[in-house]
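One structure is given here, and the rest of the page talks about it.
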Amino acid sequence: MTASDFVRRALTVLAVAACLLVVGGAAEAKFTGIGSAAVQVGTASMVAPTAVTGKWACRTSIVTEGVTFTVTGFDDAGPTGASYRYQVFRNQGTTAVHTMTSMTRSATVATPTMGVDGTATTWTLTVQSVLGNWTSPVWSKKISCPALSSANGNL
(Lines give C-alpha, C1' and ligand atoms only; values in the text may rest on other atoms or scores of the structure.)
Protein backbone atom coordinates (compact mmCIF):
# COMPACT_ATOMS: atom_id res chain seq x y z
CA MET A 1 0.00 0.00 0.00
CA THR A 2 1.40 3.33 -0.98
CA ALA A 3 1.46 6.51 1.09
CA SER A 4 -1.20 8.12 -1.12
CA ASP A 5 -3.53 5.11 -0.61
CA PHE A 6 -3.03 5.40 3.13
CA VAL A 7 -3.80 9.16 3.11
CA ARG A 8 -6.84 8.68 0.86
CA ARG A 9 -8.28 5.98 3.18
CA ALA A 10 -7.62 8.06 6.28
CA LEU A 11 -9.39 11.06 4.74
CA THR A 12 -12.34 8.85 3.73
CA VAL A 13 -12.70 7.52 7.28
CA LEU A 14 -12.56 11.07 8.68
CA ALA A 15 -15.15 12.29 6.15
CA VAL A 16 -17.55 9.44 7.00
CA ALA A 17 -17.12 10.11 10.74
CA ALA A 18 -17.81 13.82 10.22
CA CYS A 19 -20.95 13.05 8.19
CA LEU A 20 -22.25 10.75 10.93
CA LEU A 21 -21.76 13.44 13.55
CA VAL A 22 -23.50 16.10 11.45
CA VAL A 23 -26.41 13.85 10.41
CA GLY A 24 -26.83 12.52 13.96
CA GLY A 25 -27.09 16.06 15.29
CA ALA A 26 -29.68 16.97 12.67
CA ALA A 27 -31.89 14.05 13.68
CA GLU A 28 -32.02 15.11 17.30
CA ALA A 29 -35.41 16.36 18.52
CA LYS A 30 -36.58 17.98 21.68
CA PHE A 31 -40.13 18.56 22.95
CA THR A 32 -40.60 21.61 25.07
CA GLY A 33 -44.33 22.40 24.96
CA ILE A 34 -46.75 21.40 27.71
CA GLY A 35 -50.26 20.50 26.72
CA SER A 36 -52.92 17.85 26.83
CA ALA A 37 -55.51 16.57 24.43
CA ALA A 38 -59.13 17.39 25.16
CA VAL A 39 -60.71 13.93 25.35
CA GLN A 40 -64.05 13.23 26.92
CA VAL A 41 -64.79 9.71 28.01
CA GLY A 42 -68.21 8.42 28.88
CA THR A 43 -70.03 5.17 29.36
CA ALA A 44 -73.09 3.70 27.74
CA SER A 45 -75.08 0.63 28.52
CA MET A 46 -77.12 -1.67 26.37
CA VAL A 47 -80.64 -1.90 27.75
CA ALA A 48 -83.52 -4.11 26.71
CA PRO A 49 -86.07 -2.55 24.35
CA THR A 50 -89.26 -1.43 26.09
CA ALA A 51 -92.83 -0.47 25.16
CA VAL A 52 -92.88 -2.83 22.17
CA THR A 53 -96.05 -2.37 20.13
CA GLY A 54 -97.54 -4.40 17.32
CA LYS A 55 -99.67 -7.42 16.55
CA TRP A 56 -99.38 -11.17 16.18
CA ALA A 57 -101.36 -13.68 14.18
CA CYS A 58 -101.34 -17.49 14.19
CA ARG A 59 -101.33 -19.15 10.78
CA THR A 60 -102.72 -22.68 10.63
CA SER A 61 -103.94 -25.21 8.15
CA ILE A 62 -104.73 -28.89 8.50
CA VAL A 63 -101.06 -29.88 8.26
CA THR A 64 -98.98 -26.74 9.00
CA GLU A 65 -98.73 -23.94 11.53
CA GLY A 66 -96.75 -20.75 11.95
CA VAL A 67 -96.97 -17.25 13.39
CA THR A 68 -96.44 -13.70 12.16
CA PHE A 69 -95.33 -10.94 14.50
CA THR A 70 -95.65 -7.36 13.24
CA VAL A 71 -93.61 -4.99 15.43
CA THR A 72 -94.68 -1.39 14.81
CA GLY A 73 -92.29 0.26 17.25
CA PHE A 74 -90.50 0.27 20.61
CA ASP A 75 -88.28 2.40 22.82
CA ASP A 76 -84.53 1.88 22.98
CA ALA A 77 -82.69 3.92 25.63
CA GLY A 78 -79.31 2.48 24.64
CA PRO A 79 -76.62 4.09 22.47
CA THR A 80 -77.50 5.28 18.97
CA GLY A 81 -76.51 3.29 15.90
CA ALA A 82 -77.76 -0.06 17.14
CA SER A 83 -79.40 -2.68 14.96
CA TYR A 84 -82.13 -4.97 16.23
CA ARG A 85 -82.29 -8.77 16.30
CA TYR A 86 -85.75 -10.33 16.15
CA GLN A 87 -86.05 -14.04 16.99
CA VAL A 88 -88.98 -16.45 17.27
CA PHE A 89 -88.88 -19.63 19.38
CA ARG A 90 -91.40 -22.48 19.36
CA ASN A 91 -92.66 -24.34 22.46
CA GLN A 92 -90.00 -23.11 24.90
CA GLY A 93 -87.25 -24.21 22.52
CA THR A 94 -83.71 -22.87 22.81
CA THR A 95 -83.10 -22.73 19.06
CA ALA A 96 -84.78 -19.94 17.14
CA VAL A 97 -87.02 -21.07 14.30
CA HIS A 98 -86.62 -17.66 12.66
CA THR A 99 -84.10 -14.82 13.11
CA MET A 100 -83.84 -11.50 11.35
CA THR A 101 -81.90 -8.27 11.87
CA SER A 102 -83.08 -4.77 11.04
CA MET A 103 -81.75 -1.24 11.45
CA THR A 104 -85.27 -0.03 12.28
CA ARG A 105 -87.56 -0.44 15.26
CA SER A 106 -90.27 -2.03 13.17
CA ALA A 107 -90.36 -5.38 11.42
CA THR A 108 -92.59 -8.18 10.25
CA VAL A 109 -91.26 -11.49 11.51
CA ALA A 110 -92.97 -14.52 9.97
CA THR A 111 -91.91 -18.05 10.80
CA PRO A 112 -91.76 -20.69 8.12
CA THR A 113 -94.74 -23.03 8.27
CA MET A 114 -94.10 -26.23 10.20
CA GLY A 115 -95.91 -29.47 10.75
CA VAL A 116 -98.72 -29.24 13.29
CA ASP A 117 -98.31 -31.05 16.57
CA GLY A 118 -102.04 -31.33 17.39
CA THR A 119 -101.77 -29.23 20.57
CA ALA A 120 -101.61 -25.53 21.37
CA THR A 121 -98.28 -24.04 20.36
CA THR A 122 -96.43 -21.44 22.41
CA TRP A 123 -94.43 -18.93 20.39
CA THR A 124 -91.93 -16.48 21.90
CA LEU A 125 -90.79 -13.30 20.15
CA THR A 126 -87.56 -11.70 21.42
CA VAL A 127 -86.15 -8.30 20.47
CA GLN A 128 -82.55 -7.39 21.27
CA SER A 129 -80.39 -4.34 20.52
CA VAL A 130 -77.00 -5.07 18.92
CA LEU A 131 -74.12 -2.59 18.59
CA GLY A 132 -70.87 -4.09 17.31
CA ASN A 133 -70.10 -6.99 19.65
CA TRP A 134 -72.39 -5.65 22.38
CA THR A 135 -75.89 -6.98 22.93
CA SER A 136 -78.66 -5.84 25.23
CA PRO A 137 -80.83 -8.00 27.41
CA VAL A 138 -83.82 -9.30 25.45
CA TRP A 139 -87.41 -8.16 25.54
CA SER A 140 -89.75 -11.14 25.06
CA LYS A 141 -93.42 -11.87 24.56
CA LYS A 142 -95.03 -15.31 24.70
CA ILE A 143 -98.26 -16.03 22.89
CA SER A 144 -100.28 -19.22 22.50
CA CYS A 145 -101.88 -20.45 19.29
CA PRO A 146 -104.71 -22.94 19.83
CA ALA A 147 -104.48 -26.29 18.07
CA LEU A 148 -105.75 -26.23 14.49
CA SER A 149 -107.29 -22.76 14.71
CA SER A 150 -106.31 -19.17 14.09
CA ALA A 151 -105.83 -16.47 16.70
CA ASN A 152 -104.43 -12.96 16.85
CA GLY A 153 -103.75 -10.19 19.32
CA ASN A 154 -101.61 -7.24 20.32
CA LEU A 155 -98.04 -7.35 21.60
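Labels for the C-alpha coordinates follow display order: chains A, B, ..., residues from 1 in each chain, ligands from 1.
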field: DSSP-assigned strand (DSSP E) members of chain A, reported as a PyMOL selection string
entry: chain A and resi 50-60+64-75+83-90+98-102+107-110+114-115+121-131+134-135+139-145+152-154
- request: Rank A:Ala110, A:Val39, A:Val97, A:Val67 by their smallest atom-to-atom distance to Asn152 in chain A, using only C-alpha atoms, and report the top residue only.
  value: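 Ranking A:Ala110, A:Val39, A:Val97, A:Val67 by distance to Asn152 in chain A, first place goes to A:Val67.
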task: Would you list the contacts of Ala44 in chain A as JSON, numbers by chain, taking every protein, DNA or RNA residue within 10 Å and counting only C-alpha atoms, but skipping same-chain residues closer than 4 positions in sequence?
output: {"A": [77, 78, 79, 80]}
Residue list (alpha helix (DSSP H), DSSP) for chain A, as number ranges by chain: A: 3-26
